[in-house]
Amino acid sequence: MEKQDILESDCFYHIFNRGNNKENLFIEDEKYLHFLKLIKNHLVSIAEIYSYCLLKNHFHLVLKIKSKDEIEKILLIDKIHQPFSNLFNAYTKAINKKYNREGSLFRVLFKRERIDSEDYLRNVIVYTHLNPVKHKFQENYINYKYSSYNSIISDKPTLLLRNDVLELFGGKENFIYHHKEIFLKGTYEDFE
């Protein structure tokens, strides 16, 4: 079994998973929106969301687990992974019911990689936003509607940690520039 980073409070993570047996997770537009709603319902209480990208057959989340004090107010048990399990189970049940299917929708274990530096955090955020281009779902990341890129550069209300993300890049102009630079160079292909 593949070793996974343990979820701990006050740490940043890149969370990702794909459909079981390469199955699509999001079959129609409303399912992308349902998954985002479930993220709000299950994860926002224990994590701060920095970026996301939902693709037809997989997803990426960049987040920071909240402090131990904040989490203890929410969770009755010391299992930070439980809200993630609840999210995946709720989405699987909805898909199974809607499409008359049975069994697991996601791979058994969701992947999680601890982010241990600001440089790595910036790179993972950019990688997440450029993922639709990498996997040829979209020619330009700006046009992809199921990523947090446009929410971050927008002034509309959001649950994302927009100001923290923009500050990490040195402001909105640098955030936009950094994405464009990596996109034009094509170096997002090298990131794993």
# chains A, B, ... in the order shown; residues from 1 in each chain; ligands from 1
$ residues_around --residues "region 20-25 of chain A" --least-positions-apart "2" --cutoff "7 Å" --atoms "only C-alpha atoms" --output "MDAnalysis selection string"
chainID A and resid 18 27 56:58 104:107
$ write_last_selection --atoms "all heavy atoms" --output "tab-separated table (two decimals), in the first residue's frame"
chain	number	residue	atom	x	y	z
A	18	ARG	N	-8.97	10.45	-8.12
A	18	ARG	CA	-9.58	10.21	-9.44
A	18	ARG	C	-10.64	9.14	-9.31
A	18	ARG	O	-10.77	8.49	-8.28
A	18	ARG	CB	-8.54	9.84	-10.48
A	18	ARG	CG	-7.77	8.59	-10.28
A	18	ARG	CD	-6.76	8.33	-11.39
A	18	ARG	NE	-5.85	9.43	-11.63
A	18	ARG	CZ	-5.91	10.26	-12.70
A	18	ARG	NH1	-6.81	10.09	-13.62
A	18	ARG	NH2	-5.06	11.23	-12.85
A	27	ILE	N	-20.18	13.92	-14.56
A	27	ILE	CA	-20.81	13.54	-15.81
A	27	ILE	C	-21.53	14.71	-16.47
A	27	ILE	O	-21.60	14.81	-17.68
A	27	ILE	CB	-21.73	12.32	-15.58
A	27	ILE	CG1	-20.86	11.16	-15.10
A	27	ILE	CG2	-22.50	11.94	-16.84
A	27	ILE	CD1	-21.56	10.13	-14.29
A	56	LYS	N	-13.02	16.22	-15.39
A	56	LYS	CA	-14.00	15.16	-15.63
A	56	LYS	C	-13.73	13.90	-14.81
A	56	LYS	O	-14.63	13.32	-14.23
A	56	LYS	CB	-14.02	14.82	-17.12
A	56	LYS	CG	-15.10	13.83	-17.50
A	56	LYS	CD	-14.97	13.39	-18.93
A	56	LYS	CE	-15.57	14.41	-19.86
A	56	LYS	NZ	-15.69	13.92	-21.24
A	57	ASN	N	-12.46	13.50	-14.73
A	57	ASN	CA	-12.14	12.22	-14.10
A	57	ASN	C	-11.28	12.32	-12.83
A	57	ASN	O	-10.90	11.31	-12.26
A	57	ASN	CB	-11.46	11.29	-15.10
A	57	ASN	CG	-10.18	11.87	-15.64
A	57	ASN	OD1	-9.77	12.97	-15.28
A	57	ASN	ND2	-9.55	11.13	-16.52
A	58	HIS	N	-10.95	13.55	-12.42
A	58	HIS	CA	-10.19	13.72	-11.18
A	58	HIS	C	-10.33	15.15	-10.67
A	58	HIS	O	-10.92	15.99	-11.33
A	58	HIS	CB	-8.73	13.32	-11.36
A	58	HIS	CG	-7.91	14.22	-12.22
A	58	HIS	ND1	-8.02	14.27	-13.60
A	58	HIS	CD2	-6.95	15.11	-11.90
A	58	HIS	CE1	-7.16	15.13	-14.09
A	58	HIS	NE2	-6.49	15.67	-13.07
A	104	SER	N	-17.90	1.82	-5.17
A	104	SER	CA	-17.03	2.97	-4.97
A	104	SER	C	-16.89	3.78	-6.25
A	104	SER	O	-16.72	3.23	-7.34
A	104	SER	CB	-15.66	2.47	-4.50
A	104	SER	OG	-14.77	3.53	-4.41
A	105	LEU	N	-16.95	5.09	-6.11
A	105	LEU	CA	-16.74	5.98	-7.24
A	105	LEU	C	-15.29	6.43	-7.29
A	105	LEU	O	-14.70	6.56	-8.36
A	105	LEU	CB	-17.66	7.21	-7.12
A	105	LEU	CG	-17.52	8.27	-8.20
A	105	LEU	CD1	-17.89	7.71	-9.57
A	105	LEU	CD2	-18.41	9.47	-7.86
A	106	PHE	N	-14.69	6.66	-6.12
A	106	PHE	CA	-13.33	7.14	-6.02
A	106	PHE	C	-12.37	6.00	-5.75
A	106	PHE	O	-12.76	4.95	-5.25
A	106	PHE	CB	-13.20	8.14	-4.85
A	106	PHE	CG	-13.97	9.40	-5.05
A	106	PHE	CD1	-15.26	9.53	-4.53
A	106	PHE	CD2	-13.42	10.46	-5.75
A	106	PHE	CE1	-15.97	10.70	-4.71
A	106	PHE	CE2	-14.13	11.63	-5.92
A	106	PHE	CZ	-15.41	11.76	-5.39
A	107	ARG	N	-11.09	6.23	-6.05
A	107	ARG	CA	-10.06	5.31	-5.59
A	107	ARG	C	-10.17	5.20	-4.08
A	107	ARG	O	-10.61	6.12	-3.42
A	107	ARG	CB	-8.68	5.84	-5.94
A	107	ARG	CG	-8.36	5.73	-7.40
A	107	ARG	CD	-7.05	6.38	-7.61
A	107	ARG	NE	-6.18	5.53	-8.38
A	107	ARG	CZ	-4.95	5.85	-8.68
A	107	ARG	NH1	-4.42	6.96	-8.23
A	107	ARG	NH2	-4.22	5.04	-9.40
$ residues_around --residues "Tyr144 (chain A)" --least-positions-apart "5" --cutoff "12 Å" --atoms "only C-alpha atoms" --output "VMD selection string"
chain A and resid 52 to 56 128 to 133 136 to 139 149 to 151
$ atom_distance --atom1 "CA of Phe175 (chain A)" --atom2 "CA of Asn123 (chain A)"
11.2 Å
$ residues_around --residues "Leu87 (chain A)" --least-positions-apart "6" --cutoff "8 Å" --atoms "only C-alpha atoms" --output "ChimeraX atom specification"
/A:38-39,42-43
$ select_by_dssp --residues "region 22-152 of chain A" --states "strand (DSSP E)" --output "PyMOL selection string"
chain A and resi 47-54+58-65+111-115
$ residues_around --residues "Leu61 (chain A)" --least-positions-apart "4" --cutoff "12 Å" --atoms "only C-alpha atoms" --output "mmCIF file with N, CA, C and O atoms, in the first residue's frame"
data_model
loop_
_atom_site.group_PDB
_atom_site.id
_atom_site.type_symbol
_atom_site.label_atom_id
_atom_site.label_comp_id
_atom_site.auth_asym_id
_atom_site.auth_seq_id
_atom_site.Cartn_x
_atom_site.Cartn_y
_atom_site.Cartn_z
ATOM 1 N N PHE A 12 -0.396 22.680 5.263
ATOM 2 C CA PHE A 12 -0.942 22.782 3.912
ATOM 3 C C PHE A 12 -0.847 21.423 3.224
ATOM 4 O O PHE A 12 0.128 20.689 3.420
ATOM 5 N N TYR A 13 -1.855 21.133 2.377
ATOM 6 C CA TYR A 13 -1.871 19.868 1.629
ATOM 7 C C TYR A 13 -2.378 20.073 0.204
ATOM 8 O O TYR A 13 -3.217 20.936 -0.059
ATOM 9 N N HIS A 14 -1.854 19.234 -0.664
ATOM 10 C CA HIS A 14 -2.393 19.057 -2.004
ATOM 11 C C HIS A 14 -3.171 17.750 -1.941
ATOM 12 O O HIS A 14 -2.589 16.683 -1.731
ATOM 13 N N ILE A 15 -4.490 17.857 -2.075
ATOM 14 C CA ILE A 15 -5.381 16.695 -2.002
ATOM 15 C C ILE A 15 -5.867 16.401 -3.423
ATOM 16 O O ILE A 15 -6.299 17.320 -4.130
ATOM 17 N N PHE A 16 -5.801 15.153 -3.828
ATOM 18 C CA PHE A 16 -6.301 14.820 -5.158
ATOM 19 C C PHE A 16 -6.761 13.368 -5.193
ATOM 20 O O PHE A 16 -6.346 12.552 -4.378
ATOM 21 N N ASN A 17 -7.650 13.110 -6.131
ATOM 22 C CA ASN A 17 -8.146 11.757 -6.313
ATOM 23 C C ASN A 17 -8.761 11.656 -7.701
ATOM 24 O O ASN A 17 -9.047 12.669 -8.335
ATOM 25 N N PHE A 35 -20.436 18.871 -6.112
ATOM 26 C CA PHE A 35 -19.193 18.543 -5.420
ATOM 27 C C PHE A 35 -18.655 19.772 -4.679
ATOM 28 O O PHE A 35 -18.209 19.664 -3.525
ATOM 29 N N LEU A 36 -18.710 20.937 -5.314
ATOM 30 C CA LEU A 36 -18.263 22.165 -4.652
ATOM 31 C C LEU A 36 -19.122 22.472 -3.424
ATOM 32 O O LEU A 36 -18.607 22.912 -2.394
ATOM 33 N N ILE A 39 -17.952 20.251 -0.701
ATOM 34 C CA ILE A 39 -16.700 20.756 -0.123
ATOM 35 C C ILE A 39 -17.032 21.810 0.924
ATOM 36 O O ILE A 39 -16.488 21.797 2.036
ATOM 37 N N LEU A 43 -15.797 20.377 4.332
ATOM 38 C CA LEU A 43 -14.390 20.710 4.561
ATOM 39 C C LEU A 43 -14.126 22.102 5.116
ATOM 40 O O LEU A 43 -13.145 22.297 5.836
ATOM 41 N N ALA A 47 -10.897 23.172 7.249
ATOM 42 C CA ALA A 47 -9.805 23.534 6.339
ATOM 43 C C ALA A 47 -10.087 24.863 5.641
ATOM 44 O O ALA A 47 -11.240 25.221 5.418
ATOM 45 N N GLU A 48 -9.012 25.547 5.297
ATOM 46 C CA GLU A 48 -9.099 26.768 4.502
ATOM 47 C C GLU A 48 -8.720 26.398 3.074
ATOM 48 O O GLU A 48 -7.651 25.845 2.836
ATOM 49 N N ILE A 49 -9.606 26.710 2.135
ATOM 50 C CA ILE A 49 -9.388 26.312 0.742
ATOM 51 C C ILE A 49 -8.630 27.420 0.007
ATOM 52 O O ILE A 49 -9.073 28.560 -0.033
ATOM 53 N N TYR A 50 -7.491 27.057 -0.587
ATOM 54 C CA TYR A 50 -6.661 28.008 -1.317
ATOM 55 C C TYR A 50 -6.887 27.925 -2.827
ATOM 56 O O TYR A 50 -6.839 28.933 -3.514
ATOM 57 N N SER A 51 -7.094 26.744 -3.337
ATOM 58 C CA SER A 51 -7.408 26.594 -4.760
ATOM 59 C C SER A 51 -7.999 25.211 -5.007
ATOM 60 O O SER A 51 -7.875 24.313 -4.173
ATOM 61 N N TYR A 52 -8.642 25.094 -6.171
ATOM 62 C CA TYR A 52 -9.204 23.807 -6.560
ATOM 63 C C TYR A 52 -9.305 23.740 -8.071
ATOM 64 O O TYR A 52 -9.269 24.766 -8.769
ATOM 65 N N CYS A 53 -9.428 22.543 -8.568
ATOM 66 C CA CYS A 53 -9.744 22.306 -9.974
ATOM 67 C C CYS A 53 -10.441 20.954 -10.051
ATOM 68 O O CYS A 53 -9.931 19.953 -9.542
ATOM 69 N N LEU A 54 -11.624 20.967 -10.651
ATOM 70 C CA LEU A 54 -12.386 19.741 -10.855
ATOM 71 C C LEU A 54 -12.353 19.411 -12.339
ATOM 72 O O LEU A 54 -12.775 20.221 -13.165
ATOM 73 N N LEU A 55 -11.848 18.240 -12.662
ATOM 74 C CA LEU A 55 -11.805 17.787 -14.047
ATOM 75 C C LEU A 55 -12.723 16.583 -14.183
ATOM 76 O O LEU A 55 -13.138 16.010 -13.184
ATOM 77 N N ILE A 65 -5.193 22.766 6.704
ATOM 78 C CA ILE A 65 -5.990 22.272 7.818
ATOM 79 C C ILE A 65 -5.932 23.328 8.921
ATOM 80 O O ILE A 65 -4.862 23.856 9.227
ATOM 81 N N PHE A 84 -13.244 14.431 5.068
ATOM 82 C CA PHE A 84 -12.925 14.060 3.685
ATOM 83 C C PHE A 84 -13.687 12.793 3.301
ATOM 84 O O PHE A 84 -14.270 12.725 2.214
ATOM 85 N N PHE A 110 -7.671 8.716 -0.925
ATOM 86 C CA PHE A 110 -7.376 9.960 -1.623
ATOM 87 C C PHE A 110 -5.920 10.320 -1.373
ATOM 88 O O PHE A 110 -5.364 10.048 -0.313
ATOM 89 N N LYS A 111 -5.286 10.892 -2.366
ATOM 90 C CA LYS A 111 -3.873 11.252 -2.258
ATOM 91 C C LYS A 111 -3.761 12.569 -1.502
ATOM 92 O O LYS A 111 -4.584 13.466 -1.661
ATOM 93 N N ARG A 112 -2.727 12.674 -0.714
ATOM 94 C CA ARG A 112 -2.458 13.902 0.024
ATOM 95 C C ARG A 112 -0.954 14.076 0.158
ATOM 96 O O ARG A 112 -0.252 13.168 0.597
ATOM 97 N N GLU A 113 -0.511 15.234 -0.247
ATOM 98 C CA GLU A 113 0.909 15.564 -0.151
ATOM 99 C C GLU A 113 1.046 16.826 0.677
ATOM 100 O O GLU A 113 0.409 17.845 0.371
ATOM 101 N N ARG A 114 1.869 16.767 1.697
ATOM 102 C CA ARG A 114 2.100 17.934 2.535
ATOM 103 C C ARG A 114 2.915 18.965 1.747
ATOM 104 O O ARG A 114 3.856 18.611 1.049
ATOM 105 N N ILE A 115 2.532 20.201 1.882
ATOM 106 C CA ILE A 115 3.229 21.313 1.227
ATOM 107 C C ILE A 115 4.071 21.991 2.295
ATOM 108 O O ILE A 115 3.538 22.513 3.268
ATOM 109 N N LEU A 121 3.994 25.771 -2.377
ATOM 110 C CA LEU A 121 2.582 26.157 -2.321
ATOM 111 C C LEU A 121 2.193 26.942 -3.571
ATOM 112 O O LEU A 121 1.173 26.658 -4.202
ATOM 113 N N VAL A 124 2.058 24.537 -6.562
ATOM 114 C CA VAL A 124 0.900 23.638 -6.547
ATOM 115 C C VAL A 124 -0.373 24.400 -6.938
ATOM 116 O O VAL A 124 -1.214 23.871 -7.657
ATOM 117 N N ILE A 125 -0.498 25.639 -6.490
ATOM 118 C CA ILE A 125 -1.663 26.444 -6.871
ATOM 119 C C ILE A 125 -1.685 26.664 -8.378
ATOM 120 O O ILE A 125 -2.716 26.473 -9.032
ATOM 121 N N VAL A 126 -0.550 27.037 -8.950
ATOM 122 C CA VAL A 126 -0.473 27.241 -10.407
ATOM 123 C C VAL A 126 -0.732 25.928 -11.135
ATOM 124 O O VAL A 126 -1.510 25.879 -12.095
ATOM 125 N N TYR A 127 -0.103 24.857 -10.685
ATOM 126 C CA TYR A 127 -0.307 23.537 -11.300
ATOM 127 C C TYR A 127 -1.786 23.169 -11.285
ATOM 128 O O TYR A 127 -2.324 22.671 -12.284
ATOM 129 N N THR A 128 -2.444 23.407 -10.169
ATOM 130 C CA THR A 128 -3.871 23.097 -10.044
ATOM 131 C C THR A 128 -4.674 23.857 -11.091
ATOM 132 O O THR A 128 -5.524 23.279 -11.770
ATOM 133 N N HIS A 129 -4.390 25.131 -11.254
ATOM 134 C CA HIS A 129 -5.138 25.947 -12.220
ATOM 135 C C HIS A 129 -4.807 25.605 -13.675
ATOM 136 O O HIS A 129 -5.649 25.789 -14.559
ATOM 137 N N ASN A 131 -4.047 22.585 -14.716
ATOM 138 C CA ASN A 131 -4.340 21.171 -14.926
ATOM 139 C C ASN A 131 -5.291 20.899 -16.103
ATOM 140 O O ASN A 131 -5.097 19.916 -16.818
ATOM 141 N N TYR A 146 -14.368 25.275 -13.905
ATOM 142 C CA TYR A 146 -14.390 24.511 -12.659
ATOM 143 C C TYR A 146 -13.041 24.522 -11.950
ATOM 144 O O TYR A 146 -12.596 23.526 -11.405
ATOM 145 N N SER A 147 -12.398 25.678 -11.986
ATOM 146 C CA SER A 147 -11.191 25.887 -11.194
ATOM 147 C C SER A 147 -11.371 27.187 -10.426
ATOM 148 O O SER A 147 -12.244 28.000 -10.744
ATOM 149 N N SER A 148 -10.534 27.393 -9.441
ATOM 150 C CA SER A 148 -10.641 28.586 -8.597
ATOM 151 C C SER A 148 -9.937 29.796 -9.188
ATOM 152 O O SER A 148 -10.002 30.886 -8.610
ATOM 153 N N LEU A 160 -12.981 30.894 -0.668
ATOM 154 C CA LEU A 160 -11.544 30.693 -0.852
ATOM 155 C C LEU A 160 -10.771 31.720 -0.025
ATOM 156 O O LEU A 160 -11.267 32.814 0.241
#
